[in-house]
file structure38.cif (mmCIF, C-alpha atoms)
data_run
loop_
_atom_site.group_PDB
_atom_site.id
_atom_site.type_symbol
_atom_site.label_atom_id
_atom_site.label_comp_id
_atom_site.auth_asym_id
_atom_site.auth_seq_id
_atom_site.Cartn_x
_atom_site.Cartn_y
_atom_site.Cartn_z
ATOM 1 C CA MET A 65 27.090 33.147 122.394
ATOM 2 C CA SER A 66 28.629 36.607 122.791
ATOM 3 C CA LEU A 67 27.808 39.614 120.605
ATOM 4 C CA ASP A 68 31.295 39.347 119.132
ATOM 5 C CA ASP A 69 30.569 35.791 118.008
ATOM 6 C CA LEU A 70 27.294 36.886 116.406
ATOM 7 C CA THR A 71 28.537 39.990 114.589
ATOM 8 C CA THR A 72 30.505 40.807 111.444
ATOM 9 C CA VAL A 73 31.691 44.424 111.212
ATOM 10 C CA LEU A 74 31.926 46.128 107.812
ATOM 11 C CA ILE A 75 33.834 49.411 107.453
ATOM 12 C CA PRO A 76 33.954 50.862 103.927
ATOM 13 C CA THR A 77 36.783 53.250 103.143
ATOM 14 C CA SER A 78 37.762 55.264 100.071
ATOM 15 C CA PRO A 79 40.141 58.112 99.158
ATOM 16 C CA ILE A 80 39.836 61.294 101.226
ATOM 17 C CA PRO A 81 42.067 64.363 101.639
ATOM 18 C CA ALA A 82 43.541 63.180 104.972
ATOM 19 C CA HIS A 83 45.187 60.102 103.447
ATOM 20 C CA PRO A 84 47.710 58.491 103.744
ATOM 21 C CA SER A 85 47.066 59.097 107.452
ATOM 22 C CA THR A 86 45.045 56.367 109.157
ATOM 23 C CA GLU A 87 44.126 58.588 112.109
ATOM 24 C CA MET A 88 40.470 58.918 111.153
ATOM 25 C CA ILE A 89 39.779 55.243 110.563
ATOM 26 C CA GLU A 90 41.706 54.377 113.727
ATOM 27 C CA LYS A 91 39.211 56.501 115.682
ATOM 28 C CA CYS A 92 36.396 54.676 113.923
ATOM 29 C CA VAL A 93 37.844 51.232 114.661
ATOM 30 C CA ASP A 94 38.579 52.141 118.287
ATOM 31 C CA SER A 95 34.969 53.251 118.789
ATOM 32 C CA VAL A 96 33.690 49.950 117.371
ATOM 33 C CA ARG A 97 36.155 47.879 119.394
ATOM 34 C CA ARG A 98 34.862 49.535 122.563
ATOM 35 C CA TYR A 99 31.637 47.580 121.989
ATOM 36 C CA PHE A 100 32.903 44.655 119.898
ATOM 37 C CA PRO A 101 36.450 43.883 121.075
ATOM 38 C CA SER A 102 36.823 40.604 119.204
ATOM 39 C CA ALA A 103 34.202 40.602 116.433
ATOM 40 C CA GLN A 104 35.398 39.772 112.929
ATOM 41 C CA MET A 105 35.970 43.074 111.146
ATOM 42 C CA TYR A 106 36.427 43.723 107.436
ATOM 43 C CA ILE A 107 37.733 47.025 106.127
ATOM 44 C CA MET A 108 36.463 47.306 102.564
ATOM 45 C CA ALA A 109 38.941 49.524 100.730
ATOM 46 C CA ASP A 110 37.347 50.798 97.529
ATOM 47 C CA GLY A 111 39.212 51.631 94.347
ATOM 48 C CA VAL A 112 39.784 55.218 93.236
ATOM 49 C CA ARG A 113 36.795 56.947 91.663
ATOM 50 C CA PRO A 114 37.588 58.960 88.499
ATOM 51 C CA GLN A 115 36.857 62.370 90.037
ATOM 52 C CA ILE A 116 39.787 62.068 92.443
ATOM 53 C CA GLU A 117 42.380 60.239 90.391
ATOM 54 C CA ASN A 118 44.887 62.745 91.790
ATOM 55 C CA ARG A 119 44.646 60.990 95.160
ATOM 56 C CA ARG A 120 45.721 57.555 93.866
ATOM 57 C CA ALA A 121 49.293 57.610 95.193
ATOM 58 C CA GLN A 122 48.424 58.809 98.690
ATOM 59 C CA TYR A 123 45.518 56.345 98.827
ATOM 60 C CA ALA A 124 47.787 53.453 97.860
ATOM 61 C CA GLU A 125 50.046 54.381 100.767
ATOM 62 C CA TYR A 126 46.995 54.563 103.051
ATOM 63 C CA VAL A 127 45.819 51.069 102.063
ATOM 64 C CA HIS A 128 49.343 49.768 102.662
ATOM 65 C CA ASN A 129 49.178 51.339 106.131
ATOM 66 C CA LEU A 130 45.835 49.588 106.747
ATOM 67 C CA PHE A 131 47.381 46.208 105.976
ATOM 68 C CA ASP A 132 50.139 47.027 108.456
ATOM 69 C CA ARG A 133 47.591 47.940 111.153
ATOM 70 C CA CYS A 134 45.899 44.578 110.673
ATOM 71 C CA THR A 135 49.157 42.634 110.589
ATOM 72 C CA ASP A 136 50.474 44.209 113.785
ATOM 73 C CA GLY A 137 47.188 43.584 115.615
ATOM 74 C CA ARG A 138 46.309 47.275 116.029
ATOM 75 C CA PHE A 139 42.769 46.624 114.740
ATOM 76 C CA GLY A 140 42.218 43.262 116.416
ATOM 77 C CA GLN A 141 40.611 40.498 114.372
ATOM 78 C CA CYS A 142 40.506 42.476 111.156
ATOM 79 C CA GLU A 143 41.030 41.857 107.463
ATOM 80 C CA VAL A 144 41.425 44.418 104.677
ATOM 81 C CA ARG A 145 39.523 43.628 101.496
ATOM 82 C CA ALA A 146 41.130 45.874 98.868
ATOM 83 C CA PHE A 147 39.143 46.398 95.664
ATOM 84 C CA PRO A 148 41.403 47.336 92.737
ATOM 85 C CA ASP A 149 38.618 49.107 90.831
ATOM 86 C CA PHE A 150 36.087 51.724 91.930
ATOM 87 C CA SER A 151 33.251 49.520 93.214
ATOM 88 C CA GLN A 152 31.131 51.423 95.774
ATOM 89 C CA GLN A 153 29.374 50.054 98.850
ATOM 90 C CA ALA A 154 26.923 47.618 97.261
ATOM 91 C CA ILE A 155 29.539 45.590 95.369
ATOM 92 C CA MET A 156 31.983 45.629 98.286
ATOM 93 C CA ALA A 157 29.363 44.544 100.826
ATOM 94 C CA ARG A 158 27.979 41.800 98.574
ATOM 95 C CA ARG A 159 31.405 40.288 97.946
ATOM 96 C CA THR A 160 32.627 40.672 101.511
ATOM 97 C CA LEU A 161 29.552 38.968 102.947
ATOM 98 C CA GLU A 162 30.001 35.918 100.717
ATOM 99 C CA GLY A 163 30.718 33.015 103.031
ATOM 100 C CA VAL A 164 29.906 34.986 106.192
ATOM 101 C CA GLU A 165 27.752 33.019 108.623
ATOM 102 C CA ARG A 166 27.422 35.267 111.674
ATOM 103 C CA PRO A 167 23.789 36.437 111.790
ATOM 104 C CA LEU A 168 24.408 40.145 112.499
ATOM 105 C CA VAL A 169 26.133 42.814 110.421
ATOM 106 C CA LEU A 170 27.363 46.106 111.891
ATOM 107 C CA PHE A 171 28.011 48.704 109.172
ATOM 108 C CA VAL A 172 30.038 51.811 110.102
ATOM 109 C CA GLU A 173 31.604 54.188 107.581
ATOM 110 C CA HIS A 174 35.274 55.099 107.999
ATOM 111 C CA ASP A 175 34.694 58.697 109.110
ATOM 112 C CA VAL A 176 32.206 57.889 111.885
ATOM 113 C CA THR A 177 32.755 57.106 115.559
ATOM 114 C CA LEU A 178 30.235 55.523 117.905
ATOM 115 C CA ARG A 179 29.718 57.530 121.077
ATOM 116 C CA ALA A 180 31.076 56.095 124.315
ATOM 117 C CA GLU A 181 28.798 58.060 126.648
ATOM 118 C CA PRO A 182 26.097 57.238 127.266
ATOM 119 C CA ALA A 183 26.981 53.689 126.298
ATOM 120 C CA LEU A 184 24.990 52.190 123.429
ATOM 121 C CA ASN A 185 22.918 49.166 124.390
ATOM 122 C CA PHE A 186 23.989 46.748 121.674
ATOM 123 C CA ASN A 187 22.553 43.827 123.628
ATOM 124 C CA ALA A 188 19.058 45.252 123.133
ATOM 125 C CA ILE A 189 19.849 46.230 119.539
ATOM 126 C CA ALA A 190 21.021 42.708 118.700
ATOM 127 C CA SER A 191 18.117 41.106 120.564
ATOM 128 C CA ILE A 192 15.382 42.989 118.703
ATOM 129 C CA ILE A 193 16.903 41.756 115.435
ATOM 130 C CA MET A 194 17.555 38.189 116.557
ATOM 131 C CA ARG A 195 13.973 37.871 117.786
ATOM 132 C CA GLY A 196 12.647 38.982 114.411
ATOM 133 C CA HIS A 197 11.038 42.228 115.585
ATOM 134 C CA ALA A 198 13.308 44.295 113.293
ATOM 135 C CA ASN A 199 15.555 43.658 110.306
ATOM 136 C CA MET A 200 17.785 46.676 110.860
ATOM 137 C CA VAL A 201 18.478 49.068 113.719
ATOM 138 C CA ARG A 202 19.757 52.484 112.695
ATOM 139 C CA LEU A 203 21.713 54.887 114.854
ATOM 140 C CA TYR A 204 20.609 58.515 114.680
ATOM 141 C CA HIS A 205 22.505 61.811 114.434
ATOM 142 C CA TRP A 206 20.072 64.178 116.190
ATOM 143 C CA GLU A 207 19.050 64.323 119.861
ATOM 144 C CA LYS A 208 15.385 63.919 118.915
ATOM 145 C CA ILE A 209 13.578 62.998 115.708
ATOM 146 C CA TRP A 210 14.232 65.842 113.288
ATOM 147 C CA HIS A 211 10.992 67.617 112.371
ATOM 148 C CA GLU A 212 11.553 67.029 108.645
ATOM 149 C CA HIS A 213 11.718 63.283 109.304
ATOM 150 C CA THR A 214 8.547 62.880 111.371
ATOM 151 C CA HIS A 215 6.384 61.825 108.406
ATOM 152 C CA LEU A 216 8.697 58.821 107.958
ATOM 153 C CA MET A 217 8.231 57.606 111.529
ATOM 154 C CA CYS A 218 5.668 54.890 112.283
ATOM 155 C CA GLY A 219 5.378 54.748 116.051
ATOM 156 C CA GLU A 220 7.460 53.505 118.950
ATOM 157 C CA ILE A 221 8.171 50.045 120.300
ATOM 158 C CA GLU A 222 9.993 48.941 123.431
ATOM 159 C CA HIS A 223 12.279 45.941 123.663
ATOM 160 C CA ASN A 224 14.225 44.837 126.738
ATOM 161 C CA GLY A 225 13.428 48.185 128.349
ATOM 162 C CA VAL A 226 14.850 50.151 125.408
ATOM 163 C CA LYS A 227 12.833 52.429 123.114
ATOM 164 C CA PHE A 228 12.987 52.119 119.334
ATOM 165 C CA VAL A 229 11.208 54.191 116.672
ATOM 166 C CA LYS A 230 9.805 52.388 113.639
ATOM 167 C CA THR A 231 10.758 54.170 110.415
ATOM 168 C CA THR A 232 10.459 53.985 106.637
ATOM 169 C CA GLN A 233 13.518 56.214 106.288
ATOM 170 C CA TYR A 234 16.520 54.268 105.048
ATOM 171 C CA SER A 235 20.010 55.487 105.870
ATOM 172 C CA GLN A 236 23.434 53.913 105.660
ATOM 173 C CA TRP A 237 24.610 55.803 108.715
ATOM 174 C CA PRO A 238 25.829 53.322 111.358
ATOM 175 C CA ASN A 239 23.424 50.434 111.602
ATOM 176 C CA MET A 240 23.132 46.834 112.681
ATOM 177 C CA GLY A 241 21.127 44.547 110.430
ATOM 178 C CA SER A 242 20.546 40.864 110.096
ATOM 179 C CA LEU A 243 22.759 39.055 107.617
ATOM 180 C CA ASP A 244 19.600 37.760 105.963
ATOM 181 C CA TYR A 245 18.267 41.291 105.469
ATOM 182 C CA TYR A 246 21.540 42.547 104.017
ATOM 183 C CA ARG A 247 21.634 39.654 101.594
ATOM 184 C CA ARG A 248 17.985 40.202 100.705
ATOM 185 C CA ILE A 249 18.394 43.883 99.788
ATOM 186 C CA LEU A 250 21.682 43.329 97.957
ATOM 187 C CA ASN A 251 20.175 40.482 95.917
ATOM 188 C CA ASN A 252 16.761 42.054 95.278
ATOM 189 C CA TYR A 253 17.652 45.684 94.613
ATOM 190 C CA PHE A 254 21.156 45.561 93.091
ATOM 191 C CA GLN A 255 22.686 43.813 90.131
ATOM 192 C CA PRO A 256 25.933 41.986 91.059
ATOM 193 C CA SER A 257 28.042 44.561 89.204
ATOM 194 C CA GLN A 258 25.928 47.594 90.115
ATOM 195 C CA ARG A 259 28.160 50.351 91.437
ATOM 196 C CA ASN A 260 26.113 52.295 93.993
ATOM 197 C CA MET A 261 26.005 53.589 97.517
ATOM 198 C CA ILE A 262 23.491 51.371 99.310
ATOM 199 C CA GLU A 263 21.399 54.262 100.604
ATOM 200 C CA THR A 264 20.860 55.929 97.233
ATOM 201 C CA VAL A 265 19.136 52.811 95.900
ATOM 202 C CA MET A 266 17.321 51.717 99.053
ATOM 203 C CA TYR A 267 15.860 55.041 100.194
ATOM 204 C CA GLY A 268 13.012 55.069 97.661
ATOM 205 C CA PRO A 269 11.852 51.442 98.001
ATOM 206 C CA VAL A 270 11.851 51.623 101.798
ATOM 207 C CA CYS A 271 10.133 55.012 101.934
ATOM 208 C CA GLY A 272 7.433 53.847 99.528
ATOM 209 C CA ALA A 273 6.612 50.560 101.258
ATOM 210 C CA PRO A 274 4.695 49.679 104.415
ATOM 211 C CA TRP A 275 6.910 49.512 107.500
ATOM 212 C CA GLU A 276 6.382 45.753 107.722
ATOM 213 C CA SER A 277 8.134 45.255 104.363
ATOM 214 C CA HIS A 278 11.546 46.196 105.782
ATOM 215 C CA LYS A 279 11.060 46.501 109.554
ATOM 216 C CA ILE A 280 13.683 49.185 110.160
ATOM 217 C CA VAL A 281 13.861 50.893 113.543
ATOM 218 C CA ILE A 282 15.925 53.689 115.055
ATOM 219 C CA TYR A 283 17.629 53.167 118.405
ATOM 220 C CA ALA A 284 16.025 55.844 120.572
ATOM 221 C CA PRO A 285 17.546 56.481 123.996
ATOM 222 C CA GLU A 286 16.754 59.784 125.703
ATOM 223 C CA ASN A 287 19.497 61.455 123.649
ATOM 224 C CA MET A 288 19.371 59.837 120.217
ATOM 225 C CA ASP A 289 22.613 61.457 118.968
ATOM 226 C CA THR A 290 24.692 58.299 119.207
ATOM 227 C CA PHE A 291 27.558 58.832 116.747
ATOM 228 C CA VAL A 292 29.956 61.491 115.491
ATOM 229 C CA HIS A 293 30.531 62.237 111.812
ATOM 230 C CA MET A 294 34.107 63.411 111.151
ATOM 231 C CA ASN A 295 33.239 64.385 107.557
ATOM 232 C CA GLY A 296 36.260 62.877 105.883
ATOM 233 C CA ARG A 297 35.519 64.241 102.400
ATOM 234 C CA VAL A 298 36.206 67.830 103.487
ATOM 235 C CA ASP A 299 39.800 69.012 103.162
ATOM 236 C CA GLU A 300 40.581 70.725 106.478
ATOM 237 C CA ARG A 301 43.170 72.952 104.789
ATOM 238 C CA THR A 302 40.870 74.404 102.144
ATOM 239 C CA GLY A 303 37.376 73.680 103.478
ATOM 240 C CA LYS A 304 36.496 72.209 100.074
ATOM 241 C CA ARG A 305 34.633 68.928 99.679
ATOM 242 C CA ASP A 306 35.874 66.189 97.364
ATOM 243 C CA PRO A 307 33.520 65.403 94.488
ATOM 244 C CA GLY A 308 31.593 62.173 94.871
ATOM 245 C CA ASP A 309 29.848 59.573 92.784
ATOM 246 C CA TRP A 310 26.692 58.619 94.610
#

call {"tool": "encode", "arguments": {"input": "structure38.cif", "output": "structure tokens"}}
result
Amino acid sequence: MSLDDLTTVLIPTSPIPAHPSTEMIEKCVDSVRRYFPSAQMYIMADGVRPQIENRRAQYAEYVHNLFDRCTDGRFGQCEVRAFPDFSQQAIMARRTLEGVERPLVLFVEHDVTLRAEPALNFNAIASIIMRGHANMVRLYHWEKIWHEHTHLMCGEIEHNGVKFVKTTQYSQWPNMGSLDYYRRILNNYFQPSQRNMIETVMYGPVCGAPWESHKIVIYAPENMDTFVHMNGRVDERTGKRDPGDW
């Protein structure tokens, strides 16, 4: 079975200053499709949070554009799940994963791109999860482990010739996790109607537990900086950041 057949891709999106343009999420999708050309992808379009009600009209146009990109095949095998009300990641992920059977989940936020060079070894990433040695593999945003994070690291392991770092630091930056693990954390740590970013709830329980409780690892090639954050919440014209609800 190919990685595409094993993987469901989740991309959450919400109102940002650049909308109704789809340029940013197109870069995100293209970077994912480089590695997963035919995996089932769901774009989870959140509702409008109260702090940025002024963006409702441009966001509605953006979501309409997303449906067009899926209809015309621009995003490949992709479906937009539009949430009429402000729901946040936990609710959107829980509902989108209902009925999903593929054992792996790749989660990438809409203002992130996966690096093309050096190529990410998703075969090794998927294998360490499928063999039960890890529940989630995180991608990292620094070349080496940041000094302020070292106390959350629990040693290194090697799998299929690739190095991984065991960690009790939870992050919702790009990651691949098992479907079972995603369902476990969403069922055990969130109420069905609980409106939260996943990371804000999970950081404490993971940090405070033995590594074996969650078995999260960081993909650790020689240069661990494996994705680019485009920082969609910052308005390029003013330099100001949109208010959030974390």

call {"tool": "residues_near_point", "arguments": {"input": "structure38.cif", "point": "(29.7, 49.0, 106.9)", "cutoff": "12 Å", "atoms": "only C-alpha atoms", "output": "PyMOL selection string"}}
result
chain A and resi 71-77+92-93+96+105-109+152-154+156-158+160-161+168-176+235-241+246+261-263

call {"tool": "closest_residue", "arguments": {"input": "structure38.cif", "among": "A:Asp68, A:Asp110, A:Glu207, A:Glu222", "to": "Val127 of chain A", "atoms": "all atoms listed in the file"}}
result
A:Asp110

call {"tool": "closest_residue", "arguments": {"input": "structure38.cif", "among": "A:Ala121, A:Cys271, A:Ala190, A:Met65", "to": "Asn224 of chain A", "atoms": "only C-alpha atoms"}}
result
A:Ala190

call {"tool": "resolve_selection", "arguments": {"input": "structure38.cif", "expression": "the PyMOL selection byres ((chain A and resi 183-189) around 7)", "output": "PyMOL selection string"}}
result
chain A and resi 180-182+190-193+201+223-224+226

call {"tool": "resolve_selection", "arguments": {"input": "structure38.cif", "expression": "the PyMOL selection byres ((chain A and resi 282-293) around 6)", "output": "PyMOL selection string"}}
result
chain A and resi 176-179+201-208+227-229+281+294-295

call {"tool": "write_last_selection", "arguments": {"input": "structure38.cif", "atoms": "C-alpha atoms", "output": "mmCIF file, keeping the file's coordinate frame"}}
result
data_model
loop_
_atom_site.group_PDB
_atom_site.id
_atom_site.type_symbol
_atom_site.label_atom_id
_atom_site.label_comp_id
_atom_site.auth_asym_id
_atom_site.auth_seq_id
_atom_site.Cartn_x
_atom_site.Cartn_y
_atom_site.Cartn_z
ATOM 1 C CA VAL A 176 32.206 57.889 111.885
ATOM 2 C CA THR A 177 32.755 57.106 115.559
ATOM 3 C CA LEU A 178 30.235 55.523 117.905
ATOM 4 C CA ARG A 179 29.718 57.530 121.077
ATOM 5 C CA VAL A 201 18.478 49.068 113.719
ATOM 6 C CA ARG A 202 19.757 52.484 112.695
ATOM 7 C CA LEU A 203 21.713 54.887 114.854
ATOM 8 C CA TYR A 204 20.609 58.515 114.680
ATOM 9 C CA HIS A 205 22.505 61.811 114.434
ATOM 10 C CA TRP A 206 20.072 64.178 116.190
ATOM 11 C CA GLU A 207 19.050 64.323 119.861
ATOM 12 C CA LYS A 208 15.385 63.919 118.915
ATOM 13 C CA LYS A 227 12.833 52.429 123.114
ATOM 14 C CA PHE A 228 12.987 52.119 119.334
ATOM 15 C CA VAL A 229 11.208 54.191 116.672
ATOM 16 C CA VAL A 281 13.861 50.893 113.543
ATOM 17 C CA MET A 294 34.107 63.411 111.151
ATOM 18 C CA ASN A 295 33.239 64.385 107.557
#

call {"tool": "resolve_selection", "arguments": {"input": "structure38.cif", "expression": "the PyMOL selection byres ((chain A and resi 149) around 7)", "output": "JSON, numbers by chain"}}
result
{"A": [111, 112, 147, 148, 150, 151]}

call {"tool": "atom_distance", "arguments": {"input": "structure38.cif", "atom1": "atom CA of Asn129 of chain A", "atom2": "atom CA of Arg259 of chain A"}}
result
25.7 Å

call {"tool": "closest_residue", "arguments": {"input": "structure38.cif", "among": "A:Arg113, A:Tyr123, A:Gln104, A:Thr214", "to": "Pro81 of chain A", "atoms": "all atoms listed in the file"}}
result
A:Tyr123

call {"tool": "axis_aligned_box", "arguments": {"input": "structure38.cif", "around": "segment 183-197 of chain A", "padding_each_side": "5 Å", "output": "JSON"}}
result
{"center_x": 19.0, "center_y": 45.8, "center_z": 120.4, "size_x": 25.9, "size_y": 25.8, "size_z": 21.9}

call {"tool": "closest_residue", "arguments": {"input": "structure38.cif", "among": "A:Pro256, A:Pro307, A:Gly225, A:Pro167", "to": "Pro114 of chain A", "atoms": "only C-alpha atoms"}}
result
A:Pro307

call {"tool": "decode", "arguments": {"input": "structure38.cif", "residues": "segment 122-189 of chain A", "atoms": "C-alpha atoms", "output": "PDB file, in the first residue's frame"}}
result
ATOM      1  CA  GLN A 122     -13.510  38.573   2.291  1.00  0.00           C
ATOM      2  CA  TYR A 123     -13.329  35.199   4.059  1.00  0.00           C
ATOM      3  CA  ALA A 124     -16.595  34.075   2.473  1.00  0.00           C
ATOM      4  CA  GLU A 125     -15.109  34.878  -0.926  1.00  0.00           C
ATOM      5  CA  TYR A 126     -11.952  32.957   0.025  1.00  0.00           C
ATOM      6  CA  VAL A 127     -13.924  29.840   1.006  1.00  0.00           C
ATOM      7  CA  HIS A 128     -15.837  30.080  -2.274  1.00  0.00           C
ATOM      8  CA  ASN A 129     -12.473  30.187  -4.062  1.00  0.00           C
ATOM      9  CA  LEU A 130     -11.374  27.066  -2.146  1.00  0.00           C
ATOM     10  CA  PHE A 131     -14.415  25.153  -3.373  1.00  0.00           C
ATOM     11  CA  ASP A 132     -13.523  26.222  -6.908  1.00  0.00           C
ATOM     12  CA  ARG A 133      -9.929  24.997  -6.487  1.00  0.00           C
ATOM     13  CA  CYS A 134     -11.228  21.600  -5.405  1.00  0.00           C
ATOM     14  CA  THR A 135     -13.837  21.409  -8.154  1.00  0.00           C
ATOM     15  CA  ASP A 136     -11.362  22.252 -10.910  1.00  0.00           C
ATOM     16  CA  GLY A 137      -8.840  19.702  -9.620  1.00  0.00           C
ATOM     17  CA  ARG A 138      -6.205  22.280  -8.635  1.00  0.00           C
ATOM     18  CA  PHE A 139      -5.794  20.623  -5.215  1.00  0.00           C
ATOM     19  CA  GLY A 140      -6.097  17.012  -6.350  1.00  0.00           C
ATOM     20  CA  GLN A 141      -8.236  14.668  -4.270  1.00  0.00           C
ATOM     21  CA  CYS A 142      -9.441  17.339  -1.886  1.00  0.00           C
ATOM     22  CA  GLU A 143     -12.637  18.260  -0.088  1.00  0.00           C
ATOM     23  CA  VAL A 144     -13.467  21.495   1.734  1.00  0.00           C
ATOM     24  CA  ARG A 145     -15.246  21.053   5.051  1.00  0.00           C
ATOM     25  CA  ALA A 146     -16.699  24.498   5.795  1.00  0.00           C
ATOM     26  CA  PHE A 147     -17.768  25.128   9.393  1.00  0.00           C
ATOM     27  CA  PRO A 148     -20.424  27.857   9.621  1.00  0.00           C
ATOM     28  CA  ASP A 149     -19.543  28.761  13.218  1.00  0.00           C
ATOM     29  CA  PHE A 150     -16.204  29.498  14.880  1.00  0.00           C
ATOM     30  CA  SER A 151     -15.105  25.997  15.921  1.00  0.00           C
ATOM     31  CA  GLN A 152     -11.293  25.833  16.251  1.00  0.00           C
ATOM     32  CA  GLN A 153      -8.993  22.911  15.478  1.00  0.00           C
ATOM     33  CA  ALA A 154     -10.240  20.326  17.974  1.00  0.00           C
ATOM     34  CA  ILE A 155     -13.876  20.382  16.830  1.00  0.00           C
ATOM     35  CA  MET A 156     -12.932  20.515  13.145  1.00  0.00           C
ATOM     36  CA  ALA A 157     -10.459  17.634  13.412  1.00  0.00           C
ATOM     37  CA  ARG A 158     -12.841  15.472  15.453  1.00  0.00           C
ATOM     38  CA  ARG A 159     -15.690  15.896  12.980  1.00  0.00           C
ATOM     39  CA  THR A 160     -13.531  15.576   9.884  1.00  0.00           C
ATOM     40  CA  LEU A 161     -11.950  12.341  11.092  1.00  0.00           C
ATOM     41  CA  GLU A 162     -15.340  10.709  11.664  1.00  0.00           C
ATOM     42  CA  GLY A 163     -15.547   7.825   9.229  1.00  0.00           C
ATOM     43  CA  VAL A 164     -11.887   8.087   8.191  1.00  0.00           C
ATOM     44  CA  GLU A 165     -10.172   4.704   8.032  1.00  0.00           C
ATOM     45  CA  ARG A 166      -6.673   5.445   6.734  1.00  0.00           C
ATOM     46  CA  PRO A 167      -4.269   4.812   9.632  1.00  0.00           C
ATOM     47  CA  LEU A 168      -2.120   7.959   9.286  1.00  0.00           C
ATOM     48  CA  VAL A 169      -3.017  11.630   9.663  1.00  0.00           C
ATOM     49  CA  LEU A 170      -0.833  14.442   8.310  1.00  0.00           C
ATOM     50  CA  PHE A 171      -1.715  17.796   9.902  1.00  0.00           C
ATOM     51  CA  VAL A 172      -0.387  20.977   8.244  1.00  0.00           C
ATOM     52  CA  GLU A 173      -1.677  24.478   8.973  1.00  0.00           C
ATOM     53  CA  HIS A 174      -2.632  26.697   6.035  1.00  0.00           C
ATOM     54  CA  ASP A 175       0.309  29.099   6.343  1.00  0.00           C
ATOM     55  CA  VAL A 176       3.032  26.430   6.405  1.00  0.00           C
ATOM     56  CA  THR A 177       4.977  24.805   3.578  1.00  0.00           C
ATOM     57  CA  LEU A 178       7.006  21.612   3.812  1.00  0.00           C
ATOM     58  CA  ARG A 179      10.553  22.030   2.547  1.00  0.00           C
ATOM     59  CA  ALA A 180      11.467  20.351  -0.730  1.00  0.00           C
ATOM     60  CA  GLU A 181      15.224  20.245  -0.128  1.00  0.00           C
ATOM     61  CA  PRO A 182      16.508  18.181   1.436  1.00  0.00           C
ATOM     62  CA  ALA A 183      13.550  15.905   0.813  1.00  0.00           C
ATOM     63  CA  LEU A 184      11.665  14.726   3.895  1.00  0.00           C
ATOM     64  CA  ASN A 185      11.746  10.975   4.424  1.00  0.00           C
ATOM     65  CA  PHE A 186       8.048  10.302   4.919  1.00  0.00           C
ATOM     66  CA  ASN A 187       8.589   6.587   4.359  1.00  0.00           C
ATOM     67  CA  ALA A 188      10.627   6.429   7.570  1.00  0.00           C
ATOM     68  CA  ILE A 189       8.209   8.774   9.347  1.00  0.00           C
TER      69      ILE A 189
END
